[in-house]
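> Quick one: the structure is below, and I'll ask about it shortly.
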Amino acid sequence: MEILRAENLGKIYGKGEAKVEALKKVSFSLERGEFTVVTGESGSGKSTLLNCLGALDAPTSGKVYVDGQDLFAMREEERTIFRRRHIGFIFQAFQLVPELDVEQNIVFPLLLDYRKPDTEALEEILEVLGLKDRRRHLPGQLSGGQQQRVAIGRALITKPKMVLADEPTGNLDSKNSQDVMELLMRASRHYQQTILMITHNMNLAASADRVLRVADGILTDLGGKADEKLS
């Protein structure tokens, strides 16, 4: 089942001599439960792509469909509600609310949408992420790896159509990076969750179902065996 489809996505910043084509006719799709990694150098267009796919930024041209819905044919308010309910985000900087404990941070997106948290689903997420004994801790009482687990839980609690992760291991050491990758893989399998993750780490990318590379705004599908196709 197709969850995401991008058609000829283009993004241009600036004009004249300052014009930069951040994305150039990017087209691809993702199936339900697919764990895909996007690699590329800094400034290649990776984050721009993620922002357009998640409707955090509007493309200059092209279309984005999530579960068959054309994101940029929606009114802004409608798109904001759709994004909150159907797209989960995981950022490098965690972006947790410091005054809220682990459980409150995880259910925060539901409360913003005036929805009652599903107690059973919350308990399952806390169990899967190994956070049951930290549920009443504030972010400042957690390690970086634990904070990123909370951010993963927050992205999963709404049962989104897809999760977009922008360098989620960027602030973590190698062990925590591997742990976070394994948790995302587990979430992908356990919840049949579609995940698109940006990373510079090709060792992490090798575990993904599929690897995409962005260079100078152009996307190339490397399939599932990045090392073979990069050699």
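As shown in the structure tokens, the chain order sets the letters A, B, ...; within each chain, residues go from 1, and ligands are also counted from 1 in the order they appear.
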Write out as a PDB file with N, CA and C atoms, in the first residue's frame each polymer residue whose atoms come within 10 Å of Ala121 of chain A, counting only C-alpha atoms; drop sequence neighbours fewer than 4 positions from it.

```pdb
ATOM      1  N   PRO A 117      -5.520  10.423  25.185  1.00  0.00           N
ATOM      2  CA  PRO A 117      -4.515   9.390  24.936  1.00  0.00           C
ATOM      3  C   PRO A 117      -5.072   7.992  25.179  1.00  0.00           C
ATOM      4  N   ILE A 125       4.075   1.759  23.958  1.00  0.00           N
ATOM      5  CA  ILE A 125       5.191   2.579  23.475  1.00  0.00           C
ATOM      6  C   ILE A 125       6.268   2.713  24.548  1.00  0.00           C
ATOM      7  N   LEU A 126       5.857   2.962  25.788  1.00  0.00           N
ATOM      8  CA  LEU A 126       6.824   3.060  26.887  1.00  0.00           C
ATOM      9  C   LEU A 126       7.603   1.761  27.040  1.00  0.00           C
ATOM     10  N   GLU A 127       6.907   0.636  26.852  1.00  0.00           N
ATOM     11  CA  GLU A 127       7.555  -0.676  26.953  1.00  0.00           C
ATOM     12  C   GLU A 127       8.536  -0.887  25.806  1.00  0.00           C
ATOM     13  N   LEU A 156       5.297   8.488  17.437  1.00  0.00           N
ATOM     14  CA  LEU A 156       4.508   7.285  17.182  1.00  0.00           C
ATOM     15  C   LEU A 156       3.114   7.317  17.801  1.00  0.00           C
ATOM     16  N   ILE A 157       2.900   8.117  18.862  1.00  0.00           N
ATOM     17  CA  ILE A 157       1.672   8.042  19.648  1.00  0.00           C
ATOM     18  C   ILE A 157       0.419   8.373  18.838  1.00  0.00           C
ATOM     19  N   THR A 158       0.552   9.208  17.810  1.00  0.00           N
ATOM     20  CA  THR A 158      -0.623   9.567  17.006  1.00  0.00           C
ATOM     21  C   THR A 158      -0.933   8.517  15.932  1.00  0.00           C
ATOM     22  N   LYS A 159      -0.110   7.454  15.889  1.00  0.00           N
ATOM     23  CA  LYS A 159      -0.252   6.409  14.868  1.00  0.00           C
ATOM     24  C   LYS A 159      -0.266   7.038  13.469  1.00  0.00           C
TER      25      LYS A 159
END
```
> Need to verify the contact set: Thr199 of chain A, 10 Å, only C-alpha atoms, exclusion of same-chain residues closer than 5 positions in sequence. Can you return it as a PyMOL selection string?
chain A and resi 37-41+46+165-170+204-205
> Could you write out that same residue set with C-alpha atoms as a CSV table (one decimal), in the first residue's frame?

```csv
chain,number,residue,atom,x,y,z
A,37,VAL,CA,17.1,6.4,4.6
A,38,VAL,CA,18.1,9.6,2.8
A,39,THR,CA,21.9,10.3,2.6
A,40,GLY,CA,23.9,13.2,1.1
A,41,GLU,CA,26.4,15.9,1.8
A,46,LYS,CA,18.0,16.4,2.2
A,165,ALA,CA,13.3,11.8,11.1
A,166,ASP,CA,15.9,14.5,10.4
A,167,GLU,CA,19.4,13.3,11.6
A,168,PRO,CA,17.9,11.8,14.8
A,169,THR,CA,21.3,10.4,15.8
A,170,GLY,CA,23.2,13.5,15.1
A,204,LEU,CA,23.3,3.1,9.9
A,205,ALA,CA,21.9,3.5,6.3
```
> Taking the backbone alone, and naming residues the way the document does, which bits of chain A are strand (DSSP E or B) by DSSP, as a ChimeraX atom specification?
/A:2-13,20-31,35-39,61-66,69-70,87-91,162-166,194-198,210-215,218-223
> From a DSSP calculation on the backbone, collect every residue of segment 76-107 of chain A in alpha helix (DSSP H) and output the set as a ChimeraX atom specification.
/A:76-86,102-107
> For N, CA and C atoms, I'd like the residues from the last selection saved as a CSV table (one decimal), in the first residue's frame.

```csv
chain,number,residue,atom,x,y,z
A,76,GLU,N,-4.5,26.0,4.3
A,76,GLU,CA,-3.4,25.9,5.3
A,76,GLU,C,-3.8,25.3,6.6
A,77,GLU,N,-5.0,25.7,7.1
A,77,GLU,CA,-5.5,25.2,8.3
A,77,GLU,C,-5.7,23.7,8.2
A,78,GLU,N,-6.3,23.2,7.1
A,78,GLU,CA,-6.6,21.8,6.9
A,78,GLU,C,-5.3,21.0,6.8
A,79,ARG,N,-4.3,21.6,6.1
A,79,ARG,CA,-3.0,21.0,6.0
A,79,ARG,C,-2.3,20.8,7.4
A,80,THR,N,-2.4,21.8,8.2
A,80,THR,CA,-1.8,21.8,9.6
A,80,THR,C,-2.5,20.7,10.4
A,81,ILE,N,-3.8,20.6,10.3
A,81,ILE,CA,-4.5,19.5,11.1
A,81,ILE,C,-4.0,18.1,10.5
A,82,PHE,N,-4.0,18.0,9.2
A,82,PHE,CA,-3.6,16.7,8.6
A,82,PHE,C,-2.2,16.3,9.0
A,83,ARG,N,-1.3,17.3,9.0
A,83,ARG,CA,0.1,17.1,9.4
A,83,ARG,C,0.2,16.6,10.8
A,84,ARG,N,-0.5,17.3,11.7
A,84,ARG,CA,-0.5,16.9,13.1
A,84,ARG,C,-1.0,15.5,13.4
A,85,ARG,N,-2.0,15.1,12.6
A,85,ARG,CA,-2.6,13.8,12.8
A,85,ARG,C,-1.9,12.6,12.1
A,86,HIS,N,-1.3,12.9,11.0
A,86,HIS,CA,-0.9,11.8,10.1
A,86,HIS,C,0.6,11.8,9.8
A,102,VAL,N,8.3,12.6,30.9
A,102,VAL,CA,8.3,11.7,29.7
A,102,VAL,C,7.0,11.4,29.2
A,103,GLU,N,6.1,10.9,30.0
A,103,GLU,CA,4.7,10.5,29.6
A,103,GLU,C,4.0,11.7,29.0
A,104,GLN,N,4.1,12.9,29.6
A,104,GLN,CA,3.4,14.1,29.1
A,104,GLN,C,4.0,14.5,27.8
A,105,ASN,N,5.3,14.4,27.6
A,105,ASN,CA,5.9,14.8,26.3
A,105,ASN,C,5.4,13.9,25.2
A,106,ILE,N,5.3,12.6,25.5
A,106,ILE,CA,4.9,11.6,24.5
A,106,ILE,C,3.4,11.9,24.0
A,107,VAL,N,2.5,12.2,25.0
A,107,VAL,CA,1.1,12.4,24.6
A,107,VAL,C,0.8,13.8,24.2
```
> Please identify every residue of segment 55-169 of chain A that has at least one atom no farther than 9 Å from an atom of segment 15-35 of chain A, counting only C-alpha atoms, and for each give the shortest atom pair and the distance in Å to one decimal, arranged by chain then increasing number, as a Markdown table.

```
| residue | atom | partner | partner_atom | distance |
| --- | --- | --- | --- | --- |
| A:Pro59 | CA | A:Leu23 | CA | 8.6 |
| A:Ser61 | CA | A:Lys25 | CA | 8.3 |
| A:Gly62 | CA | A:Lys25 | CA | 7.5 |
| A:Lys161 | CA | A:Arg32 | CA | 8.0 |
| A:Met162 | CA | A:Arg32 | CA | 8.2 |
```
> Find the distance between atom CA of Ala55 of chain A and atom CA of Leu164 of chain A and write it in Å to one decimal.
11.0 Å
> Counting only C-alpha atoms, figure out which residue out of A:Ser47, A:Gly153, A:Arg213, A:Ala73 gets nearest to Glu124 of chain A.
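Between A:Ser47, A:Gly153, A:Arg213, A:Ala73, the residue approaching Glu124 of chain A most closely is A:Gly153.
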> In Å, with one decimal, what is the gap from atom CA of Ala58 of chain A to atom CA of Lys11 of chain A?
8.0 Å
> Could you check which of A:Gln192, A:Val97, A:Ala151, A:Phe108 is closest to Leu131 of chain A, using only C-alpha atoms?
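For Leu131 of chain A, the nearest of the given residues is A:Ala151.
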> Tell me which of A:Asn8, A:Gln193, A:Gln95, A:Asn203 sits closest to Arg154 of chain A, counting only C-alpha atoms.
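Closest to Arg154 of chain A of all the choices is A:Gln95.
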